[in-house]
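Novice: Pasting entry36.cif here (mmCIF, C-alpha atoms):
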data_entry
#
loop_
_atom_site.label_atom_id
_atom_site.label_comp_id
_atom_site.auth_asym_id
_atom_site.auth_seq_id
_atom_site.Cartn_x
_atom_site.Cartn_y
_atom_site.Cartn_z
CA MET S 125 131.05 134.56 89.74
CA THR S 126 132.02 131.06 88.62
CA ALA S 127 129.42 129.24 86.59
CA MET S 128 128.32 126.09 88.37
CA ALA S 129 127.34 122.65 87.12
CA ARG S 130 123.65 122.05 86.59
CA ILE S 131 121.25 119.24 85.82
CA THR S 132 119.68 120.03 82.49
CA SER S 133 117.43 117.04 82.00
CA SER S 134 116.67 113.47 82.95
CA VAL S 135 116.25 110.33 80.91
CA TYR S 136 114.39 107.19 81.99
CA THR S 137 114.65 103.87 80.23
CA SER S 138 114.49 100.12 80.69
CA HIS S 139 117.83 98.35 80.32
CA VAL S 140 116.84 94.89 79.01
CA PRO S 141 119.98 92.88 78.12
CA ALA S 142 118.40 91.48 74.94
CA ILE S 143 118.26 95.06 73.55
CA GLY S 144 122.04 95.20 73.77
CA VAL S 145 122.34 91.81 72.11
CA ALA S 146 120.03 92.92 69.28
CA MET S 147 122.22 95.97 68.64
CA ASP S 148 125.49 94.08 68.95
CA LEU S 149 124.32 91.41 66.48
CA GLY S 150 122.81 93.91 64.02
CA LYS S 151 119.20 92.75 64.49
CA THR S 152 117.59 96.16 65.05
CA GLU S 153 115.79 96.07 61.69
CA GLU S 154 114.16 92.72 62.36
CA PRO S 155 110.36 92.90 62.75
CA TYR S 156 110.59 91.90 66.42
CA TRP S 157 112.90 94.80 67.26
CA ARG S 158 112.04 97.54 64.79
CA PRO S 159 109.13 99.07 66.79
CA LEU S 160 111.29 99.26 69.89
CA PHE S 161 114.20 101.03 68.23
CA ALA S 162 111.81 103.33 66.37
CA GLY S 163 110.69 104.57 69.78
CA TYR S 164 114.23 105.73 70.52
CA GLU S 165 114.83 107.56 67.22
CA PRO S 166 113.42 110.86 68.57
CA SER S 167 115.62 110.36 71.64
CA ARG S 168 118.78 110.07 69.58
CA ARG S 169 117.86 113.18 67.60
CA TRP S 170 117.25 115.04 70.86
CA MET S 171 120.50 113.70 72.28
CA ALA S 172 122.50 114.87 69.25
CA GLU S 173 121.37 118.43 70.05
CA ASN S 174 121.61 118.09 73.81
CA THR S 175 124.73 116.04 74.46
CA PRO S 176 125.73 116.70 78.07
CA ASP S 177 129.23 116.88 79.52
CA VAL S 178 128.41 114.19 82.05
CA VAL S 179 125.69 111.56 82.48
CA PHE S 180 125.01 110.52 86.07
CA LEU S 181 123.66 107.05 85.35
CA VAL S 182 121.55 105.29 87.97
CA TYR S 183 121.34 101.56 87.29
CA ASN S 184 121.73 98.24 89.01
CA ASP S 185 124.37 95.60 88.76
CA HIS S 186 123.04 92.09 87.98
CA ALA S 187 125.50 89.85 89.85
CA ASN S 188 128.46 91.00 87.79
CA ALA S 189 130.48 93.66 89.62
CA PHE S 190 128.95 92.62 92.94
CA SER S 191 128.47 89.03 94.05
CA LEU S 192 126.92 88.08 97.39
CA ASP S 193 130.29 88.86 99.01
CA LEU S 194 129.43 92.55 99.07
CA ILE S 195 126.02 94.15 98.53
CA PRO S 196 126.17 97.95 98.66
CA THR S 197 122.79 99.67 98.61
CA PHE S 198 124.20 102.73 96.81
CA ALA S 199 127.63 102.66 95.11
CA ILE S 200 129.08 105.64 93.22
CA GLY S 201 131.76 105.02 90.60
CA CYS S 202 134.63 107.46 91.09
CA ALA S 203 137.14 105.83 88.71
CA GLU S 204 138.70 107.21 85.50
CA HIS S 205 137.43 104.25 83.48
CA PHE S 206 134.92 101.43 83.77
CA GLN S 207 135.24 98.26 81.70
CA PRO S 208 132.15 96.56 80.21
CA ALA S 209 131.62 93.38 82.25
CA ASP S 210 131.76 89.84 80.93
CA GLU S 211 128.39 88.62 82.19
CA GLY S 212 129.03 85.08 81.01
CA TRP S 213 128.30 85.59 77.30
CA GLY S 214 131.49 87.68 76.75
CA PRO S 215 131.79 91.47 77.26
CA ARG S 216 129.56 93.64 75.04
CA PRO S 217 131.52 95.17 72.13
CA VAL S 218 130.99 98.73 73.37
CA PRO S 219 133.49 101.48 74.25
CA VAL S 220 135.11 101.68 77.64
CA VAL S 221 133.11 104.04 79.86
CA LYS S 222 135.02 107.18 80.81
CA GLY S 223 134.22 108.46 84.28
CA HIS S 224 134.39 111.92 85.80
CA PRO S 225 136.36 111.34 89.02
CA GLU S 226 136.35 114.98 90.05
CA LEU S 227 132.59 115.45 89.90
CA ALA S 228 131.93 111.95 91.23
CA SER S 229 134.08 112.50 94.33
CA HIS S 230 132.50 115.89 94.85
CA ILE S 231 129.02 114.34 94.73
CA ALA S 232 130.09 111.53 97.06
CA GLN S 233 131.40 113.98 99.64
CA SER S 234 128.35 116.23 99.46
CA VAL S 235 125.76 113.44 99.50
CA ILE S 236 127.40 111.56 102.37
CA GLN S 237 127.38 114.76 104.39
CA ASP S 238 123.66 114.90 103.65
CA ASP S 239 123.26 111.55 105.46
CA PHE S 240 123.23 109.15 102.50
CA ASP S 241 125.84 106.50 103.21
CA LEU S 242 127.24 105.83 99.74
CA THR S 243 129.80 103.16 98.98
CA ILE S 244 132.67 104.58 96.93
CA ALA S 245 133.81 102.33 94.08
CA ASN S 246 137.20 103.12 92.55
CA LYS S 247 137.25 99.92 90.53
CA MET S 248 134.05 98.49 89.09
CA ASP S 249 133.02 96.79 85.86
CA VAL S 250 129.71 97.95 84.41
CA ASP S 251 127.13 95.53 83.06
CA HIS S 252 124.15 95.78 80.69
CA GLY S 253 122.26 97.84 83.26
CA LEU S 254 124.57 100.71 82.37
CA THR S 255 125.67 99.97 78.82
CA VAL S 256 122.25 99.22 77.28
CA PRO S 257 120.89 102.70 78.13
CA LEU S 258 124.05 104.25 76.63
CA SER S 259 123.56 102.19 73.46
CA LEU S 260 119.88 103.14 73.25
CA MET S 261 120.59 106.86 73.57
CA PHE S 262 123.89 107.14 71.68
CA GLY S 263 123.79 104.28 69.18
CA GLN S 264 127.09 102.61 68.33
CA PRO S 265 129.87 105.25 68.40
CA GLN S 266 133.59 104.48 68.64
CA GLN S 267 133.70 106.44 71.90
CA TRP S 268 130.86 107.50 74.20
CA PRO S 269 130.36 111.23 73.59
CA CYS S 270 130.52 112.25 77.25
CA ALA S 271 131.74 111.21 80.67
CA VAL S 272 129.55 108.85 82.73
CA ILE S 273 129.30 108.51 86.50
CA PRO S 274 127.93 105.03 87.28
CA PHE S 275 125.64 104.91 90.30
CA ALA S 276 124.73 101.34 91.22
CA VAL S 277 121.67 100.63 93.38
CA ASN S 278 120.98 97.28 95.01
CA VAL S 279 117.67 96.04 93.67
CA VAL S 280 118.68 92.36 93.64
CA GLN S 281 118.56 91.45 97.32
CA TYR S 282 115.39 92.53 99.09
CA PRO S 283 114.80 94.97 100.71
CA VAL S 284 115.86 97.51 98.12
CA PRO S 285 115.83 101.19 99.12
CA SER S 286 112.37 102.72 99.38
CA GLY S 287 110.97 105.05 96.75
CA ARG S 288 110.88 107.79 99.38
CA ARG S 289 114.58 107.35 100.10
CA CYS S 290 115.40 107.32 96.39
CA LEU S 291 113.54 110.57 95.73
CA ALA S 292 115.31 112.26 98.66
CA LEU S 293 118.67 110.95 97.44
CA GLY S 294 117.98 112.49 94.04
CA ARG S 295 117.45 115.85 95.73
CA ALA S 296 120.77 115.50 97.55
CA ILE S 297 122.49 114.68 94.24
CA ARG S 298 120.96 117.81 92.68
CA LYS S 299 122.33 119.93 95.52
CA ALA S 300 125.75 118.33 95.11
CA VAL S 301 125.87 118.94 91.35
CA GLU S 302 124.79 122.57 91.74
CA SER S 303 127.68 123.20 94.15
CA PHE S 304 130.36 121.98 91.72
CA ASP S 305 132.18 125.01 90.37
CA GLN S 306 132.64 124.07 86.74
CA PRO S 307 130.01 124.95 84.14
CA LEU S 308 129.11 121.34 83.31
CA LYS S 309 125.86 120.23 81.74
CA VAL S 310 124.80 117.12 83.61
CA GLN S 311 122.01 114.70 82.75
CA ILE S 312 120.73 112.18 85.25
CA TRP S 313 119.35 108.90 83.97
CA GLY S 314 117.15 106.46 85.87
CA THR S 315 117.09 102.97 84.38
CA GLY S 316 115.51 99.53 84.84
CA GLY S 317 111.92 98.29 84.82
CA MET S 318 109.21 98.49 83.75
CA SER S 319 106.98 95.58 84.71
CA HIS S 320 108.73 92.23 84.42
CA GLN S 321 109.27 89.03 86.32
CA LEU S 322 112.06 86.62 85.44
CA GLN S 323 111.31 83.80 87.85
CA GLY S 324 108.81 81.17 88.85
CA ALA S 325 105.37 80.32 87.57
CA ARG S 326 104.57 84.03 87.25
CA ALA S 327 107.49 84.72 84.86
CA GLY S 328 106.48 86.91 81.95
CA LEU S 329 104.16 89.16 83.94
CA ILE S 330 103.41 92.50 82.26
CA ASN S 331 101.13 95.17 83.71
CA LYS S 332 100.52 97.98 81.24
CA ASP S 333 98.06 99.78 83.49
CA PHE S 334 100.51 99.92 86.38
CA ASP S 335 103.36 101.00 84.12
CA ASN S 336 101.44 103.83 82.49
CA ALA S 337 100.06 105.05 85.79
CA PHE S 338 103.62 105.05 87.10
CA LEU S 339 104.81 107.13 84.14
CA ASP S 340 101.94 109.61 84.68
CA ARG S 341 102.76 109.97 88.35
CA LEU S 342 106.50 110.16 87.86
CA ILE S 343 106.04 113.09 85.48
CA ALA S 344 103.34 115.00 87.33
CA ASP S 345 103.58 114.00 90.98
CA PRO S 346 106.89 112.40 91.94
CA GLU S 347 106.07 112.82 95.61
CA ALA S 348 103.07 110.50 95.16
CA ALA S 349 105.13 108.06 93.07
CA SER S 350 107.70 107.92 95.86
CA GLN S 351 105.03 106.72 98.30
CA ILE S 352 104.39 103.48 96.39
CA PRO S 353 105.37 100.70 98.82
CA HIS S 354 107.65 97.83 97.77
CA ILE S 355 104.84 95.32 97.87
CA ASP S 356 102.92 97.23 95.19
CA TYR S 357 105.85 96.97 92.79
CA VAL S 358 106.30 93.27 93.54
CA ARG S 359 102.62 92.39 93.29
CA GLU S 360 101.66 94.65 90.37
CA ALA S 361 104.87 94.98 88.33
CA GLY S 362 106.61 91.68 89.08
CA SER S 363 109.53 90.75 91.28
CA GLU S 364 111.98 92.52 88.96
CA GLY S 365 109.65 95.47 88.34
CA ILE S 366 110.89 96.85 91.64
CA GLU S 367 113.84 98.26 89.67
CA LEU S 368 111.54 101.22 89.03
CA VAL S 369 112.54 102.76 92.38
CA MET S 370 115.73 103.82 90.59
CA TRP S 371 113.75 106.17 88.35
CA LEU S 372 112.83 108.16 91.46
CA ILE S 373 116.48 109.05 92.08
CA ALA S 374 116.66 110.71 88.68
CA ARG S 375 113.28 112.39 89.19
CA GLY S 376 114.32 113.75 92.59
CA ALA S 377 117.34 115.41 90.99
CA MET S 378 115.09 117.53 88.76
CA ASP S 379 114.01 121.06 89.73
CA ASP S 380 110.95 121.48 91.96
CA VAL S 381 108.85 122.82 89.10
CA PRO S 382 106.96 120.88 86.42
CA PRO S 383 109.42 119.53 83.82
CA LYS S 384 108.99 119.72 80.07
CA LEU S 385 108.03 116.32 78.66
CA VAL S 386 110.22 115.87 75.58
CA HIS S 387 109.43 112.23 74.79
CA ARG S 388 107.37 109.34 76.13
CA PHE S 389 107.44 105.80 74.79
CA TYR S 390 106.12 102.43 75.93
CA HIS S 391 106.50 99.06 74.24
CA VAL S 392 105.83 95.39 75.00
CA PRO S 393 107.77 93.14 74.79
CA ALA S 394 111.53 93.23 74.82
CA SER S 395 112.30 89.64 75.72
CA ASN S 396 110.54 89.27 79.13
CA THR S 397 110.04 92.95 79.81
CA ALA S 398 107.88 96.03 79.27
CA VAL S 399 110.02 98.89 78.01
CA GLY S 400 109.29 102.40 79.23
CA HIS S 401 111.12 105.57 78.28
CA LEU S 402 110.85 109.27 79.16
CA ILE S 403 112.88 112.40 78.56
CA LEU S 404 112.19 115.29 80.91
CA GLU S 405 113.87 118.70 80.67
CA ASN S 406 114.23 121.29 83.38
CA PRO S 407 112.58 124.51 82.20
CA MET P 170 109.07 91.27 116.67
CA ALA P 171 109.06 89.18 113.52
CA LEU P 172 109.86 90.94 110.26
CA ASP P 173 106.95 91.95 108.08
CA LYS P 174 106.99 89.96 104.82
CA PRO P 175 103.90 91.03 102.90
CA TYR P 176 105.23 89.40 99.71
CA LEU P 177 104.73 85.79 100.80
CA ASP P 178 101.23 85.60 99.28
CA VAL P 179 102.28 86.52 95.72
CA PRO P 180 101.76 83.39 93.60
CA GLY P 181 104.64 81.86 91.63
CA THR P 182 107.09 84.34 93.13
CA THR P 183 109.99 83.99 95.57
CA ILE P 184 111.44 87.22 96.90
CA PHE P 185 115.20 87.06 97.31
CA ASP P 186 115.37 88.50 100.80
CA ALA P 187 118.05 88.22 103.47
CA GLU P 188 116.82 84.77 104.50
CA GLN P 189 116.89 83.37 100.94
CA SER P 190 120.27 85.00 100.38
CA ARG P 191 121.73 83.31 103.45
CA LEU P 192 120.29 79.96 102.35
CA GLY P 193 121.66 80.36 98.83
CA TYR P 194 125.03 81.95 99.49
CA HIS P 195 127.21 79.07 98.26
CA LEU P 196 124.83 78.17 95.43
CA ASN P 197 124.93 81.73 94.12
CA GLN P 198 128.68 82.04 94.58
CA PHE P 199 129.13 78.80 92.62
CA CYS P 200 127.12 80.47 89.84
CA MET P 201 129.41 83.53 89.98
CA SER P 202 132.43 81.28 89.50
CA LEU P 203 131.06 80.40 86.04
CA MET P 204 131.89 83.90 84.84
CA LYS P 205 135.46 82.63 84.31
CA ALA P 206 136.01 80.63 81.11
CA GLU P 207 138.32 78.11 82.77
CA ASN P 208 135.69 77.39 85.43
CA ARG P 209 133.01 76.93 82.80
CA ALA P 210 135.26 74.41 81.07
CA ARG P 211 135.93 72.51 84.29
CA PHE P 212 132.23 72.52 85.19
CA LYS P 213 131.23 71.20 81.77
CA ALA P 214 133.89 68.48 81.91
CA ASP P 215 132.54 67.05 85.18
CA GLU P 216 129.59 68.90 86.66
CA LYS P 217 129.26 66.80 89.80
CA ALA P 218 132.96 67.00 90.66
CA TYR P 219 132.92 70.76 90.20
CA LEU P 220 129.82 71.13 92.39
CA ASP P 221 131.43 68.98 95.08
CA GLU P 222 134.11 71.67 95.48
CA TRP P 223 131.41 73.95 96.91
CA PRO P 224 129.85 73.67 100.39
CA MET P 225 126.37 73.42 98.87
CA SER P 226 123.61 71.08 100.05
CA GLU P 227 123.05 67.89 98.05
CA ASP P 228 119.59 69.23 97.16
CA GLN P 229 121.15 72.37 95.72
CA LYS P 230 123.68 70.37 93.69
CA GLN P 231 120.94 68.10 92.33
CA ALA P 232 118.78 71.10 91.37
CA VAL P 233 121.73 72.50 89.39
CA LEU P 234 122.40 69.15 87.69
CA ASP P 235 118.69 68.94 86.79
CA ARG P 236 118.71 72.60 85.63
CA ASP P 237 115.56 72.92 87.75
CA LEU P 238 115.55 76.68 88.20
CA ASN P 239 112.38 76.73 90.30
CA ARG P 240 114.00 74.31 92.72
CA CYS P 241 117.24 76.34 92.71
CA ILE P 242 115.25 79.44 93.61
CA SER P 243 113.39 77.70 96.42
CA LEU P 244 116.80 76.67 97.81
CA GLY P 245 118.10 80.24 97.86
CA GLY P 246 119.18 80.81 94.26
CA ASN P 247 118.65 84.16 92.61
CA ILE P 248 117.85 84.46 88.92
CA TYR P 249 120.68 86.88 88.12
CA PHE P 250 123.17 84.42 89.58
CA LEU P 251 121.47 81.37 88.05
CA ALA P 252 121.72 83.13 84.69
CA LYS P 253 125.43 82.25 84.74
CA ILE P 254 124.44 78.58 84.42
CA GLY P 255 122.26 79.56 81.47
CA ALA P 256 125.17 81.42 79.89
CA THR P 257 127.36 78.35 80.35
CA ASP P 258 124.68 76.25 78.62
CA GLY P 259 124.25 78.86 75.86
CA ARG P 260 120.68 79.73 76.85
CA THR P 261 119.02 83.15 76.79
CA PHE P 262 117.20 84.85 79.63
CA GLN P 263 113.93 84.24 77.84
CA GLN P 264 114.61 80.51 77.59
CA MET P 265 115.48 80.41 81.29
CA ALA P 266 112.42 82.39 82.37
CA GLY P 267 110.16 80.31 80.17
CA SER P 268 111.57 77.06 81.56
CA MET P 269 110.16 77.93 84.98
CA THR P 270 106.57 78.07 83.75
CA GLY P 271 106.27 74.63 82.18
CA MET P 272 105.54 76.23 78.81
CA SER P 273 107.51 75.34 75.70
CA GLU P 274 109.88 77.98 74.44
CA GLN P 275 107.49 78.85 71.62
CA GLU P 276 104.47 79.04 73.93
CA TYR P 277 106.29 81.40 76.27
CA ARG P 278 107.52 83.54 73.41
CA ASP P 279 103.98 83.72 71.99
CA MET P 280 102.64 84.81 75.39
CA MET P 281 105.18 87.63 75.50
CA MET P 282 104.40 88.70 71.92
CA ALA P 283 100.72 88.83 72.86
CA GLY P 284 101.50 91.32 75.62
CA GLY P 285 102.82 89.10 78.40
CA ARG P 286 101.17 87.37 81.33
CA HIS P 287 98.08 89.09 82.68
CA ILE P 288 98.06 90.42 86.20
CA ASP P 289 94.40 89.53 86.81
CA GLY P 290 94.12 86.49 89.02
CA ASN P 291 97.86 86.56 89.68
CA ARG P 292 98.11 89.13 92.45
CA ARG P 293 97.42 86.89 95.45
CA LEU P 294 97.39 83.21 96.28
CA GLY P 295 93.84 81.89 96.18
CA GLU P 296 92.85 83.67 92.96
CA ASP P 297 92.51 81.80 89.67
CA GLY P 298 95.20 83.21 87.37
CA ASP P 299 97.54 81.08 85.29
CA ALA P 300 100.45 81.50 87.75
CA GLN P 301 98.50 79.97 90.66
CA PRO P 302 99.83 76.69 92.14
CA HIS P 303 96.73 74.68 91.12
CA ARG P 304 97.33 75.57 87.47
CA GLN P 305 100.93 74.30 87.19
CA PRO P 306 102.63 73.31 85.06
CA GLN P 307 101.49 75.63 82.29
CA GLY P 308 101.63 74.89 78.60
CA ARG P 309 99.93 72.32 76.42
CA LYS P 310 102.33 69.44 76.95
#
Once you've parsed the file, please lay out its structure as structure tokens.
Specialist:
Amino acid sequence: MTAMARITSSVYTSHVPAIGVAMDLGKTEEPYWRPLFAGYEPSRRWMAENTPDVVFLVYNDHANAFSLDLIPTFAIGCAEHFQPADEGWGPRPVPVVKGHPELASHIAQSVIQDDFDLTIANKMDVDHGLTVPLSLMFGQPQQWPCAVIPFAVNVVQYPVPSGRRCLALGRAIRKAVESFDQPLKVQIWGTGGMSHQLQGARAGLINKDFDNAFLDRLIADPEAASQIPHIDYVREAGSEGIELVMWLIARGAMDDVPPKLVHRFYHVPASNTAVGHLILENP
Amino acid sequence: MALDKPYLDVPGTTIFDAEQSRLGYHLNQFCMSLMKAENRARFKADEKAYLDEWPMSEDQKQAVLDRDLNRCISLGGNIYFLAKIGATDGRTFQQMAGSMTGMSEQEYRDMMMAGGRHIDGNRRLGEDGDAQPHRQPQGRK
């Protein structure tokens, strides 16, 4: 029997652009940043021992690959390569992202047949939403150590997909990966959040209680976490805190048994944002 | 049936929904154009002339000239698009976010270092948190 691909673990992290800037400018040892990067040291050690063949990376584009001309709710990157975007400050000095077109197209076909209407992107630049998590987990290598399938979710124009829909999509992605007949180790990452608001008189909002309750629920009871309505994210975690729905896609792709909690970290602030981070392994 | 918009009572917050997006289409697309270096140069050389190339309202153009991000947002702008103006001006996200509160850059930075803005009093209009309309602008000055 052919060995199939499988999802070994999931990683969750905020993707604050200032974190990328701090790394690119060599500021990680400054007092402001040191506690944040210290929180990712165990993650890099774990990653060195558990480097996957492919990362399926759920993130959102921030008006870089997608303008208002086209707003796909779910877009899967099926290309060979993805260039780091110039977001207006110049492209980040990070390696080109190598895709996995074979697995990506397989997932697209399977998931669309399971009633999730994905947009297929064969040309797409990737912004800090994707590259900052890679930098946090892998540091600053010459090449990323594995292939990456970018999966962009619209969380910019409201309404974003519901938590319920995201969890179910994660399950469909799991099914798709498990039916791919190459013995690939796949990790799924959910990125964005945690509480933050970048606009208006309420800019700078942080809600530690909400964030930590979300982490608890995501680990132990993803079904309950998926029932959180949009308005709760907006009201409690800030207008940009709604990015957290993306974590539910990664969580839904995990096995239906309690995961092993490898690492949990929470830190305030990174620029305007509360940073949350989890690593969960399938048993 | 009218659409349900339960987010209209969140103080100091504008949700970028389909209606705002329609209102701000040209404003946001103008912002996207600033991702190209040659457009940034043309915009900087003559901001008004560059804005006049876009079918934006005069209010929207004035809000951009004034760098009044709150006004831009009320006229359909979205922060991720407006960030391109900030990039053109050499400003960070934190400077842009802080500018919408009335606080000085240092005051905003200090608030974040102290754990950020509290949620208490800032969930619904009518409460007494620091993001409520009757407490604007924030900051000492």
Novice: Report, in Å with one decimal, the straight-line distance from CA of Phe389 (chain S) to CA of Gly163 (chain S).
Specialist: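 Going from CA of Phe389 (chain S) over to CA of Gly163 (chain S) covers 6.1 Å.
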Novice: Could you spell out the hits of the PyMOL selection byres ((chain S) within 8 of (chain P)) on the shown file, as a ChimeraX atom specification?
Specialist: /S:186-188,191-192,210-213,280-283,322-331,355,358-360,363,392-393,395-396
Novice: Quick one: of P:Glu276, P:Asp237, P:Asp258, P:Leu244, who's nearest to Arg309 (chain P), counting all atoms listed in the file?
Specialist: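 Looking only at the distances to Arg309 (chain P), the closest residue turns out to be P:Glu276.
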Novice: CA of Trp268 (chain S) to CA of Thr255 (chain S): how many Å, to one decimal?
Specialist: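 Separation between CA of Trp268 (chain S) and CA of Thr255 (chain S): 10.2 Å.
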